file run.pdb (PDB, C-alpha atoms)
ATOM      1  CA  MET A   1      42.621 136.266 108.245
ATOM      2  CA  ASN A   2      45.509 137.869 106.395
ATOM      3  CA  PHE A   3      44.750 141.544 105.802
ATOM      4  CA  HIS A   4      47.653 142.154 103.410
ATOM      5  CA  LYS A   5      47.127 139.469 100.790
ATOM      6  CA  LYS A   6      44.587 138.846  98.086
ATOM      7  CA  PRO A   7      41.627 138.578  97.912
ATOM      8  CA  THR A   8      41.685 141.466 100.427
ATOM      9  CA  THR A   9      42.543 144.814  98.834
ATOM     10  CA  PHE A  10      45.576 146.316 100.542
ATOM     11  CA  ILE A  11      48.364 148.872 100.231
ATOM     12  CA  GLY A  12      51.378 147.129  98.779
ATOM     13  CA  HIS A  13      54.053 149.703  98.023
ATOM     14  CA  VAL A  14      55.107 153.245  98.834
ATOM     15  CA  LYS A  15      57.425 155.585  96.945
ATOM     16  CA  ILE A  16      59.027 158.447  98.832
ATOM     17  CA  LYS A  17      61.276 161.308  97.829
ATOM     18  CA  VAL A  18      64.544 161.917  99.660
ATOM     19  CA  PHE A  19      67.112 164.704  99.633
ATOM     20  CA  ASN A  20      70.225 162.533  99.469
ATOM     21  CA  LEU A  21      69.717 159.107  97.921
ATOM     22  CA  LYS A  22      72.920 157.502  99.184
ATOM     23  CA  ARG A  23      72.315 158.665 102.737
ATOM     24  CA  ALA A  24      68.749 157.367 102.608
ATOM     25  CA  VAL A  25      69.794 153.998 101.181
ATOM     26  CA  ASP A  26      72.416 153.619 103.909
ATOM     27  CA  PHE A  27      69.762 154.261 106.555
ATOM     28  CA  TYR A  28      67.171 151.876 105.148
ATOM     29  CA  THR A  29      69.677 149.079 104.518
ATOM     30  CA  GLU A  30      72.205 149.399 107.350
ATOM     31  CA  VAL A  31      69.860 150.590 110.114
ATOM     32  CA  LEU A  32      66.468 149.108 109.206
ATOM     33  CA  GLY A  33      67.651 146.044 107.320
ATOM     34  CA  PHE A  34      66.135 146.344 103.850
ATOM     35  CA  HIS A  35      67.940 145.007 100.774
ATOM     36  CA  ILE A  36      68.420 146.671  97.382
ATOM     37  CA  LEU A  37      66.326 145.116  94.615
ATOM     38  CA  ASN A  38      66.960 147.573  91.752
ATOM     39  CA  GLU A  39      68.807 150.874  91.498
ATOM     40  CA  ASN A  40      69.943 153.688  89.247
ATOM     41  CA  ASN A  41      71.386 157.122  89.937
ATOM     42  CA  ARG A  42      68.012 158.635  90.908
ATOM     43  CA  LEU A  43      65.985 155.726  92.267
ATOM     44  CA  VAL A  44      66.440 152.660  94.482
ATOM     45  CA  GLU A  45      63.882 149.903  95.048
ATOM     46  CA  LEU A  46      64.119 148.123  98.383
ATOM     47  CA  THR A  47      62.887 144.653  99.288
ATOM     48  CA  VAL A  48      62.484 142.368 102.279
ATOM     49  CA  ASP A  49      62.006 139.085 100.421
ATOM     50  CA  GLY A  50      64.448 139.575  97.560
ATOM     51  CA  LYS A  51      61.650 139.418  94.967
ATOM     52  CA  THR A  52      59.124 142.224  95.395
ATOM     53  CA  SER A  53      59.571 145.966  95.746
ATOM     54  CA  PHE A  54      58.435 147.092  99.208
ATOM     55  CA  LEU A  55      59.644 150.697  99.179
ATOM     56  CA  THR A  56      61.095 152.965  96.512
ATOM     57  CA  LEU A  57      63.412 155.873  97.304
ATOM     58  CA  GLU A  58      63.726 158.641  94.734
ATOM     59  CA  GLN A  59      65.890 161.750  94.646
ATOM     60  CA  PRO A  60      64.097 164.268  92.389
ATOM     61  CA  GLU A  61      65.968 166.742  90.248
ATOM     62  CA  ASN A  62      66.479 170.059  92.048
ATOM     63  CA  VAL A  63      65.191 168.441  95.231
ATOM     64  CA  ILE A  64      64.228 170.672  98.153
ATOM     65  CA  GLY A  65      63.729 169.755 101.792
ATOM     66  CA  LYS A  66      60.496 168.564 103.365
ATOM     67  CA  GLN A  67      57.899 171.334 103.509
ATOM     68  CA  ASN A  68      55.909 171.872 106.687
ATOM     69  CA  ARG A  69      52.162 172.499 106.987
ATOM     70  CA  THR A  70      51.354 170.761 103.707
ATOM     71  CA  THR A  71      49.439 167.664 102.679
ATOM     72  CA  GLY A  72      51.287 164.418 101.967
ATOM     73  CA  LEU A  73      52.992 161.788 104.069
ATOM     74  CA  TYR A  74      52.388 161.656 107.811
ATOM     75  CA  HIS A  75      53.970 158.222 108.043
ATOM     76  CA  PHE A  76      54.144 154.874 106.345
ATOM     77  CA  ALA A  77      53.986 151.794 108.528
ATOM     78  CA  ILE A  78      56.112 148.651 108.462
ATOM     79  CA  LEU A  79      54.244 145.660 109.916
ATOM     80  CA  LEU A  80      56.527 143.067 111.506
ATOM     81  CA  PRO A  81      55.397 139.441 111.792
ATOM     82  CA  THR A  82      55.839 138.954 115.562
ATOM     83  CA  GLN A  83      56.241 140.685 118.893
ATOM     84  CA  THR A  84      59.728 139.162 119.114
ATOM     85  CA  ASP A  85      60.684 141.012 115.922
ATOM     86  CA  LEU A  86      59.469 144.275 117.438
ATOM     87  CA  ALA A  87      61.376 143.632 120.664
ATOM     88  CA  ASN A  88      64.555 142.843 118.757
ATOM     89  CA  ILE A  89      64.399 145.982 116.636
ATOM     90  CA  VAL A  90      63.919 148.055 119.812
ATOM     91  CA  VAL A  91      67.214 146.657 121.115
ATOM     92  CA  HIS A  92      68.835 147.219 117.721
ATOM     93  CA  LEU A  93      67.687 150.858 117.441
ATOM     94  CA  VAL A  94      68.938 151.611 120.943
ATOM     95  CA  GLU A  95      72.313 150.075 120.101
ATOM     96  CA  LYS A  96      72.469 152.170 116.929
ATOM     97  CA  GLY A  97      71.623 155.348 118.842
ATOM     98  CA  ILE A  98      68.423 155.948 116.855
ATOM     99  CA  ARG A  99      65.811 158.065 118.631
ATOM    100  CA  PHE A 100      62.230 156.836 118.470
ATOM    101  CA  GLY A 101      58.827 157.303 120.035
ATOM    102  CA  SER A 102      56.321 154.609 120.914
ATOM    103  CA  SER A 103      52.679 153.866 121.586
ATOM    104  CA  ASP A 104      50.254 151.090 122.412
ATOM    105  CA  HIS A 105      47.222 151.441 120.135
ATOM    106  CA  LEU A 106      45.259 148.509 121.646
ATOM    107  CA  VAL A 107      45.224 146.803 118.245
ATOM    108  CA  SER A 108      49.006 147.070 117.942
ATOM    109  CA  GLU A 109      52.300 148.053 119.536
ATOM    110  CA  ALA A 110      54.218 150.686 117.600
ATOM    111  CA  LEU A 111      57.475 152.581 117.305
ATOM    112  CA  TYR A 112      57.886 155.909 115.489
ATOM    113  CA  LEU A 113      61.068 157.323 113.980
ATOM    114  CA  TYR A 114      62.282 159.501 111.122
ATOM    115  CA  ASP A 115      64.567 158.764 108.220
ATOM    116  CA  PRO A 116      67.446 161.217 107.603
ATOM    117  CA  ASP A 117      65.194 163.428 105.457
ATOM    118  CA  GLY A 118      62.329 163.735 107.919
ATOM    119  CA  ASN A 119      59.991 161.110 106.452
ATOM    120  CA  GLN A 120      58.228 159.494 109.392
ATOM    121  CA  ILE A 121      58.127 155.702 109.726
ATOM    122  CA  GLU A 122      56.012 153.550 111.998
ATOM    123  CA  ILE A 123      57.256 150.058 112.835
ATOM    124  CA  TYR A 124      54.648 147.904 114.543
ATOM    125  CA  ARG A 125      53.254 144.494 115.317
ATOM    126  CA  ASP A 126      49.567 143.622 115.425
ATOM    127  CA  ARG A 127      47.777 141.975 118.266
ATOM    128  CA  VAL A 128      45.654 139.077 117.067
ATOM    129  CA  PRO A 129      42.285 140.239 115.657
ATOM    130  CA  ASP A 130      40.400 138.394 118.396
ATOM    131  CA  GLN A 131      41.835 140.962 120.817
ATOM    132  CA  TRP A 132      40.572 143.972 118.842
ATOM    133  CA  ASN A 133      37.438 145.546 120.308
ATOM    134  CA  TRP A 134      34.715 146.524 117.823
ATOM    135  CA  ASN A 135      31.642 148.612 118.607
ATOM    136  CA  GLU A 136      29.523 147.795 115.570
ATOM    137  CA  GLU A 137      31.617 149.144 112.646
ATOM    138  CA  GLU A 138      34.175 151.060 114.717
ATOM    139  CA  VAL A 139      37.341 149.540 116.140
ATOM    140  CA  ALA A 140      38.760 150.819 119.423
ATOM    141  CA  MET A 141      42.184 152.434 119.075
ATOM    142  CA  THR A 142      44.032 154.704 121.451
ATOM    143  CA  VAL A 143      47.449 156.192 122.169
ATOM    144  CA  ASP A 144      48.676 154.600 125.394
ATOM    145  CA  PRO A 145      52.253 154.239 126.658
ATOM    146  CA  LEU A 146      54.054 151.194 125.312
ATOM    147  CA  GLN A 147      54.992 148.754 128.073
ATOM    148  CA  PHE A 148      58.644 148.191 127.199
ATOM    149  CA  GLU A 149      59.277 145.947 130.193
ATOM    150  CA  ASN A 150      56.779 143.411 128.891
ATOM    151  CA  LEU A 151      57.815 143.859 125.264
ATOM    152  CA  LEU A 152      61.512 143.325 125.873
ATOM    153  CA  LYS A 153      60.841 140.001 127.589
ATOM    154  CA  GLN A 154      60.210 138.747 124.057
ATOM    155  CA  ALA A 155      63.654 139.788 122.774
ATOM    156  CA  THR A 156      66.101 137.041 121.787
ATOM    157  CA  PRO A 157      69.666 138.193 122.568
ATOM    158  CA  ASN A 158      71.099 135.018 121.020
ATOM    159  CA  ASN A 159      69.284 135.796 117.756
ATOM    160  CA  PRO A 160      69.389 139.612 117.493
ATOM    161  CA  TRP A 161      67.976 141.868 114.797
ATOM    162  CA  ARG A 162      69.921 141.645 111.524
ATOM    163  CA  LYS A 163      67.437 142.416 108.768
ATOM    164  CA  MET A 164      63.752 142.909 108.025
ATOM    165  CA  PRO A 165      62.018 139.501 108.158
ATOM    166  CA  ALA A 166      61.046 138.229 104.719
ATOM    167  CA  ASP A 167      57.334 138.245 105.604
ATOM    168  CA  THR A 168      57.321 141.882 106.724
ATOM    169  CA  VAL A 169      54.620 143.875 104.895
ATOM    170  CA  LEU A 170      53.554 147.462 104.366
ATOM    171  CA  GLY A 171      50.910 147.632 107.070
ATOM    172  CA  HIS A 172      49.311 150.991 106.325
ATOM    173  CA  ILE A 173      49.928 154.560 105.278
ATOM    174  CA  HIS A 174      48.835 157.734 107.062
ATOM    175  CA  LEU A 175      48.377 161.007 105.172
ATOM    176  CA  HIS A 176      47.998 164.687 105.856
ATOM    177  CA  VAL A 177      44.962 165.940 103.918
ATOM    178  CA  SER A 178      43.364 169.353 103.452
ATOM    179  CA  GLU A 179      39.834 168.361 104.561
ATOM    180  CA  LEU A 180      37.877 165.241 105.504
ATOM    181  CA  LYS A 181      34.464 165.338 103.777
ATOM    182  CA  ARG A 182      35.625 164.937 100.177
ATOM    183  CA  THR A 183      38.491 162.740 101.342
ATOM    184  CA  GLU A 184      36.028 160.312 102.910
ATOM    185  CA  GLU A 185      33.913 160.259  99.747
ATOM    186  CA  PHE A 186      36.994 159.592  97.610
ATOM    187  CA  TYR A 187      38.250 156.643  99.644
ATOM    188  CA  VAL A 188      34.842 155.153 100.530
ATOM    189  CA  LYS A 189      32.728 155.691  97.398
ATOM    190  CA  GLY A 190      35.652 155.762  95.013
ATOM    191  CA  LEU A 191      38.079 153.181  96.342
ATOM    192  CA  GLY A 192      35.723 151.018  98.378
ATOM    193  CA  MET A 193      37.218 151.432 101.845
ATOM    194  CA  ASP A 194      35.219 151.365 105.072
ATOM    195  CA  VAL A 195      35.599 153.968 107.822
ATOM    196  CA  VAL A 196      36.580 152.009 110.944
ATOM    197  CA  ASN A 197      37.430 154.838 113.351
ATOM    198  CA  ARG A 198      36.737 158.568 113.608
ATOM    199  CA  PHE A 199      39.025 160.774 115.678
ATOM    200  CA  GLY A 200      36.634 163.658 116.213
ATOM    201  CA  ASP A 201      36.622 165.996 113.220
ATOM    202  CA  GLN A 202      40.390 165.722 112.763
ATOM    203  CA  ALA A 203      41.152 162.221 111.463
ATOM    204  CA  LEU A 204      39.668 159.131 109.851
ATOM    205  CA  PHE A 205      40.913 155.562 109.733
ATOM    206  CA  LEU A 206      39.807 153.357 106.857
ATOM    207  CA  SER A 207      40.346 149.771 105.801
ATOM    208  CA  TYR A 208      39.419 146.813 103.648
ATOM    209  CA  GLY A 209      38.171 143.526 105.066
ATOM    210  CA  LYS A 210      37.796 144.670 108.703
ATOM    211  CA  TYR A 211      41.461 145.458 109.257
ATOM    212  CA  HIS A 212      42.003 148.105 111.950
ATOM    213  CA  HIS A 213      43.279 150.431 109.205
ATOM    214  CA  HIS A 214      45.056 150.335 105.881
ATOM    215  CA  LEU A 215      44.834 154.127 105.661
ATOM    216  CA  GLY A 216      44.752 157.034 108.067
ATOM    217  CA  VAL A 217      44.031 160.626 107.066
ATOM    218  CA  ASN A 218      44.211 163.742 109.202
ATOM    219  CA  THR A 219      43.971 167.534 109.018
ATOM    220  CA  TRP A 220      46.631 168.158 111.674
ATOM    221  CA  ASN A 221      48.621 170.355 109.264
ATOM    222  CA  GLY A 222      45.571 172.591 108.979
ATOM    223  CA  VAL A 223      42.269 172.562 107.118
ATOM    224  CA  GLY A 224      43.010 173.835 103.634
ATOM    225  CA  ALA A 225      46.694 172.890 103.802
ATOM    226  CA  PRO A 226      48.315 173.128 100.345
ATOM    227  CA  ALA A 227      50.028 170.305  98.484
ATOM    228  CA  PRO A 228      53.835 170.363  98.732
ATOM    229  CA  ALA A 229      56.105 171.191  95.810
ATOM    230  CA  LYS A 230      56.575 168.249  93.455
ATOM    231  CA  ASN A 231      60.346 168.242  93.984
ATOM    232  CA  SER A 232      60.177 168.333  97.799
ATOM    233  CA  VAL A 233      61.035 165.487 100.143
ATOM    234  CA  GLY A 234      57.975 163.429 101.062
ATOM    235  CA  LEU A 235      55.431 161.174  99.426
ATOM    236  CA  GLU A 236      55.619 160.484  95.711
ATOM    237  CA  SER A 237      52.860 157.838  95.601
ATOM    238  CA  PHE A 238      51.499 154.678  97.163
ATOM    239  CA  THR A 239      49.998 151.613  95.525
ATOM    240  CA  ILE A 240      46.685 149.898  96.238
ATOM    241  CA  ILE A 241      46.666 146.235  95.203
ATOM    242  CA  PHE A 242      43.347 144.788  93.997
ATOM    243  CA  ASP A 243      42.471 141.115  93.729
ATOM    244  CA  ASN A 244      41.850 141.057  89.980
ATOM    245  CA  GLU A 245      41.186 143.230  86.945
ATOM    246  CA  THR A 246      37.415 143.221  87.459
ATOM    247  CA  VAL A 247      37.763 144.720  90.941
ATOM    248  CA  LEU A 248      40.329 147.218  89.691
ATOM    249  CA  ARG A 249      38.118 148.332  86.791
ATOM    250  CA  GLN A 250      35.183 148.752  89.151
ATOM    251  CA  ALA A 251      37.280 151.031  91.350
ATOM    252  CA  VAL A 252      38.268 153.085  88.303
ATOM    253  CA  SER A 253      34.587 153.393  87.351
ATOM    254  CA  ASN A 254      33.612 154.378  90.893
ATOM    255  CA  LEU A 255      36.286 157.066  90.974
ATOM    256  CA  GLU A 256      35.137 158.499  87.670
ATOM    257  CA  GLN A 257      31.522 158.547  88.882
ATOM    258  CA  ILE A 258      32.465 160.819  91.785
ATOM    259  CA  GLY A 259      34.453 163.093  89.473
ATOM    260  CA  ALA A 260      37.965 161.880  90.242
ATOM    261  CA  ALA A 261      40.340 161.727  87.289
ATOM    262  CA  VAL A 262      42.062 158.422  86.522
ATOM    263  CA  THR A 263      44.869 158.249  83.986
ATOM    264  CA  GLU A 264      46.497 155.244  82.357
ATOM    265  CA  ARG A 265      50.242 155.337  81.728
ATOM    266  CA  ASN A 266      52.136 152.305  80.417
ATOM    267  CA  ASN A 267      49.253 149.984  81.376
ATOM    268  CA  ARG A 268      49.226 151.403  84.915
ATOM    269  CA  PHE A 269      46.383 153.440  86.468
ATOM    270  CA  PHE A 270      46.969 156.553  88.563
ATOM    271  CA  THR A 271      44.708 158.925  90.451
ATOM    272  CA  PHE A 272      45.008 161.705  93.026
ATOM    273  CA  ASP A 273      42.951 162.124  96.166
ATOM    274  CA  PRO A 274      41.341 165.552  96.791
ATOM    275  CA  SER A 275      44.507 166.719  98.588
ATOM    276  CA  GLY A 276      46.869 165.822  95.765
ATOM    277  CA  ASN A 277      48.224 162.542  97.133
ATOM    278  CA  GLN A 278      49.046 160.263  94.186
ATOM    279  CA  ILE A 279      47.825 156.667  94.167
ATOM    280  CA  GLU A 280      48.665 153.853  91.783
ATOM    281  CA  LEU A 281      45.948 151.243  91.249
ATOM    282  CA  ALA A 282      47.382 147.803  90.520
ATOM    283  CA  ILE A 283      46.691 144.047  90.545
TER     284      ILE A 283
END
call {"tool": "encode", "arguments": {"input": "run.pdb", "output": "structure tokens"}}
result
Amino acid sequence: MNFHKKPTTFIGHVKIKVFNLKRAVDFYTEVLGFHILNENNRLVELTVDGKTSFLTLEQPENVIGKQNRTTGLYHFAILLPTQTDLANIVVHLVEKGIRFGSSDHLVSEALYLYDPDGNQIEIYRDRVPDQWNWNEEEVAMTVDPLQFENLLKQATPNNPWRKMPADTVLGHIHLHVSELKRTEEFYVKGLGMDVVNRFGDQALFLSYGKYHHHLGVNTWNGVGAPAPAKNSVGLESFTIIFDNETVLRQAVSNLEQIGAAVTERNNRFFTFDPSGNQIELAI
């Protein structure tokens, strides 16, 4: 099953704020291998397939640096098609002198790095769903060391990393939130996600269609953490893609029933989770 295509609901786009737009664009294009789709002096849309916007970079007016101990972006995650792609980007990052962390999550193998402004990025590949271990409604995930010796056997030196593969997708997004109870209600009752893993009383992982997670939320910046300044580096918004207008309208109704505000601007719907993270609802 494909967890990032209709009819499954999925996260299809993320917009982040950066301190220096040119520096950020250079990093995402020259280091990570995205391509520019559209641009102006404040905003650049990036693509992997030359047709759809994967990631938008924005430099706000009077921008300030990333604020610590606030809600907002923990990381956004780039899902590569194959283990070979992951192995090749490991070699590429080492050659470029880019520092990164790593982990084996049982369901996936992952790298972690930061863009020049401190926005964290995960780059990962999924194991096949048949290898995921479910205990009723909860999927097993952990943080084990990544076995680089095995991974790098899949690298192809004669066909090294040059750009993001065209079928790369936005795998998931992980957010800092101020608390978990209302956050769970918002994403489950409002947006129709299922909780698929609980990390004690500190984090939740949620998904559509039995994916291991389209969304992670945590309180690691502190219960009651405030929202960051609007002009600070970090998350501007992310987009949830619904199968059709009926499903989208039902989500809007569900959100309103739990007291969440939904606004319509230029035929686009927007809402905020209880911690102030902005979400666009789209088809």
call {"tool": "resolve_selection", "arguments": {"input": "run.pdb", "expression": "the PyMOL selection byres ((chain A and resi 130) around 12)", "output": "list in words"}}
result
Met1, Leu106, Val107, Asp126, Arg127, Val128, Pro129, Gln131, Trp132, Asn133, Trp134, Val139, Lys210, Tyr211 and His212 of chain A
call {"tool": "write_last_selection", "arguments": {"input": "run.pdb", "atoms": "C-alpha atoms", "output": "PDB file, in the frame of the given file"}}
result
ATOM      1  CA  MET A   1      42.621 136.266 108.245  1.00  0.00           C
ATOM      2  CA  LEU A 106      45.259 148.509 121.646  1.00  0.00           C
ATOM      3  CA  VAL A 107      45.224 146.803 118.245  1.00  0.00           C
ATOM      4  CA  ASP A 126      49.567 143.622 115.425  1.00  0.00           C
ATOM      5  CA  ARG A 127      47.777 141.975 118.266  1.00  0.00           C
ATOM      6  CA  VAL A 128      45.654 139.077 117.067  1.00  0.00           C
ATOM      7  CA  PRO A 129      42.285 140.239 115.657  1.00  0.00           C
ATOM      8  CA  GLN A 131      41.835 140.962 120.817  1.00  0.00           C
ATOM      9  CA  TRP A 132      40.572 143.972 118.842  1.00  0.00           C
ATOM     10  CA  ASN A 133      37.438 145.546 120.308  1.00  0.00           C
ATOM     11  CA  TRP A 134      34.715 146.524 117.823  1.00  0.00           C
ATOM     12  CA  VAL A 139      37.341 149.540 116.140  1.00  0.00           C
ATOM     13  CA  LYS A 210      37.796 144.670 108.703  1.00  0.00           C
ATOM     14  CA  TYR A 211      41.461 145.458 109.257  1.00  0.00           C
ATOM     15  CA  HIS A 212      42.003 148.105 111.950  1.00  0.00           C
TER      16      HIS A 212
END
call {"tool": "resolve_selection", "arguments": {"input": "run.pdb", "expression": "the PyMOL selection byres ((chain A and resi 178) around 12)", "output": "ChimeraX atom specification"}}
result
/A:69-72,175-177,179-184,202-203,217-228,273-277
call {"tool": "closest_residue", "arguments": {"input": "run.pdb", "among": "A:Gln59, A:Asn135, A:Asn254, A:Thr156", "to": "Met193 (chain A)", "atoms": "only C-alpha atoms"}}
result
A:Asn254
call {"tool": "resolve_selection", "arguments": {"input": "run.pdb", "expression": "the PyMOL selection byres ((chain A and resi 118) around 9)", "output": "ChimeraX atom specification"}}
result
/A:18,65-66,113-117,119-120,233-234
call {"tool": "axis_aligned_box", "arguments": {"input": "run.pdb", "around": "region 98-113 of chain A", "padding_each_side": "4 Å", "output": "AutoDock Vina command-line options"}}
result
--center_x 56.8 --center_y 152.4 --center_z 118.2 --size_x 31.2 --size_y 19.3 --size_z 16.4
call {"tool": "closest_residue", "arguments": {"input": "run.pdb", "among": "A:Arg249, A:Arg125, A:His105, A:Arg162", "to": "Thr82 (chain A)", "atoms": "all atoms listed in the file"}}
result
A:Arg125
call {"tool": "closest_residue", "arguments": {"input": "run.pdb", "among": "A:Ile123, A:Glu109, A:Asp104, A:His172", "to": "Pro145 (chain A)", "atoms": "only C-alpha atoms"}}
result
A:Asp104
call {"tool": "residues_around", "arguments": {"input": "run.pdb", "residues": "region 21-35 of chain A", "least_positions_apart": "3", "cutoff": "9 Å", "atoms": "all atoms listed in the file", "output": "JSON, numbers by chain"}}
result
{"A": [17, 18, 41, 42, 43, 44, 45, 46, 47, 48, 49, 50, 57, 58, 59, 89, 92, 93, 96, 98, 115, 116, 117, 161, 162, 163, 164, 165]}
call {"tool": "atom_distance", "arguments": {"input": "run.pdb", "atom1": "CA of Lys153 (chain A)", "atom2": "CA of Thr84 (chain A)"}}
result
8.6 Å
call {"tool": "closest_residue", "arguments": {"input": "run.pdb", "among": "A:Leu86, A:Ile283, A:Leu79, A:Ala251", "to": "His4 (chain A)", "atoms": "only C-alpha atoms"}}
result
A:Leu79
call {"tool": "atom_distance", "arguments": {"input": "run.pdb", "atom1": "CA of Thr246 (chain A)", "atom2": "CA of Thr9 (chain A)"}}
result
12.6 Å
call {"tool": "atom_distance", "arguments": {"input": "run.pdb", "atom1": "CA of Ser108 (chain A)", "atom2": "CA of Glu236 (chain A)"}}
result
26.8 Å
call {"tool": "closest_residue", "arguments": {"input": "run.pdb", "among": "A:Lys189, A:Pro7, A:Ile240, A:Leu37", "to": "Gln278 (chain A)", "atoms": "all atoms listed in the file"}}
result
A:Ile240
call {"tool": "build_atoms", "arguments": {"input": "run.pdb", "residues": "region 195-207 of chain A", "atoms": "N, CA, C and O atoms", "output": "PDB file, in the frame of the given file"}}
result
ATOM      1  N   VAL A 195      35.125 153.196 106.672  1.00  0.00           N
ATOM      2  CA  VAL A 195      35.599 153.968 107.822  1.00  0.00           C
ATOM      3  C   VAL A 195      35.486 153.076 109.058  1.00  0.00           C
ATOM      4  O   VAL A 195      34.406 152.570 109.366  1.00  0.00           O
ATOM      5  N   VAL A 196      36.589 152.889 109.767  1.00  0.00           N
ATOM      6  CA  VAL A 196      36.580 152.009 110.944  1.00  0.00           C
ATOM      7  C   VAL A 196      36.868 152.761 112.239  1.00  0.00           C
ATOM      8  O   VAL A 196      36.754 152.178 113.323  1.00  0.00           O
ATOM      9  N   ASN A 197      37.228 154.049 112.134  1.00  0.00           N
ATOM     10  CA  ASN A 197      37.430 154.838 113.351  1.00  0.00           C
ATOM     11  C   ASN A 197      37.432 156.313 112.975  1.00  0.00           C
ATOM     12  O   ASN A 197      38.013 156.700 111.959  1.00  0.00           O
ATOM     13  N   ARG A 198      36.748 157.116 113.787  1.00  0.00           N
ATOM     14  CA  ARG A 198      36.737 158.568 113.608  1.00  0.00           C
ATOM     15  C   ARG A 198      37.372 159.214 114.832  1.00  0.00           C
ATOM     16  O   ARG A 198      36.946 158.951 115.964  1.00  0.00           O
ATOM     17  N   PHE A 199      38.375 160.045 114.596  1.00  0.00           N
ATOM     18  CA  PHE A 199      39.025 160.774 115.678  1.00  0.00           C
ATOM     19  C   PHE A 199      38.484 162.200 115.654  1.00  0.00           C
ATOM     20  O   PHE A 199      39.084 163.110 115.089  1.00  0.00           O
ATOM     21  N   GLY A 200      37.294 162.360 116.239  1.00  0.00           N
ATOM     22  CA  GLY A 200      36.634 163.658 116.213  1.00  0.00           C
ATOM     23  C   GLY A 200      36.452 164.137 114.790  1.00  0.00           C
ATOM     24  O   GLY A 200      36.098 163.375 113.891  1.00  0.00           O
ATOM     25  N   ASP A 201      36.700 165.440 114.570  1.00  0.00           N
ATOM     26  CA  ASP A 201      36.622 165.996 113.220  1.00  0.00           C
ATOM     27  C   ASP A 201      38.011 166.232 112.643  1.00  0.00           C
ATOM     28  O   ASP A 201      38.192 167.022 111.716  1.00  0.00           O
ATOM     29  N   GLN A 202      39.006 165.485 113.168  1.00  0.00           N
ATOM     30  CA  GLN A 202      40.390 165.722 112.763  1.00  0.00           C
ATOM     31  C   GLN A 202      41.001 164.581 111.960  1.00  0.00           C
ATOM     32  O   GLN A 202      41.953 164.796 111.214  1.00  0.00           O
ATOM     33  N   ALA A 203      40.503 163.358 112.122  1.00  0.00           N
ATOM     34  CA  ALA A 203      41.152 162.221 111.463  1.00  0.00           C
ATOM     35  C   ALA A 203      40.148 161.100 111.218  1.00  0.00           C
ATOM     36  O   ALA A 203      39.160 160.952 111.950  1.00  0.00           O
ATOM     37  N   LEU A 204      40.427 160.327 110.187  1.00  0.00           N
ATOM     38  CA  LEU A 204      39.668 159.131 109.851  1.00  0.00           C
ATOM     39  C   LEU A 204      40.631 157.970 109.667  1.00  0.00           C
ATOM     40  O   LEU A 204      41.757 158.157 109.193  1.00  0.00           O
ATOM     41  N   PHE A 205      40.157 156.777 110.005  1.00  0.00           N
ATOM     42  CA  PHE A 205      40.913 155.562 109.733  1.00  0.00           C
ATOM     43  C   PHE A 205      40.027 154.644 108.908  1.00  0.00           C
ATOM     44  O   PHE A 205      38.848 154.446 109.233  1.00  0.00           O
ATOM     45  N   LEU A 206      40.585 154.118 107.826  1.00  0.00           N
ATOM     46  CA  LEU A 206      39.807 153.357 106.857  1.00  0.00           C
ATOM     47  C   LEU A 206      40.517 152.051 106.536  1.00  0.00           C
ATOM     48  O   LEU A 206      41.747 151.939 106.663  1.00  0.00           O
ATOM     49  N   SER A 207      39.719 151.055 106.103  1.00  0.00           N
ATOM     50  CA  SER A 207      40.346 149.771 105.801  1.00  0.00           C
ATOM     51  C   SER A 207      39.501 148.958 104.836  1.00  0.00           C
ATOM     52  O   SER A 207      38.350 149.286 104.534  1.00  0.00           O
TER      53      SER A 207
END
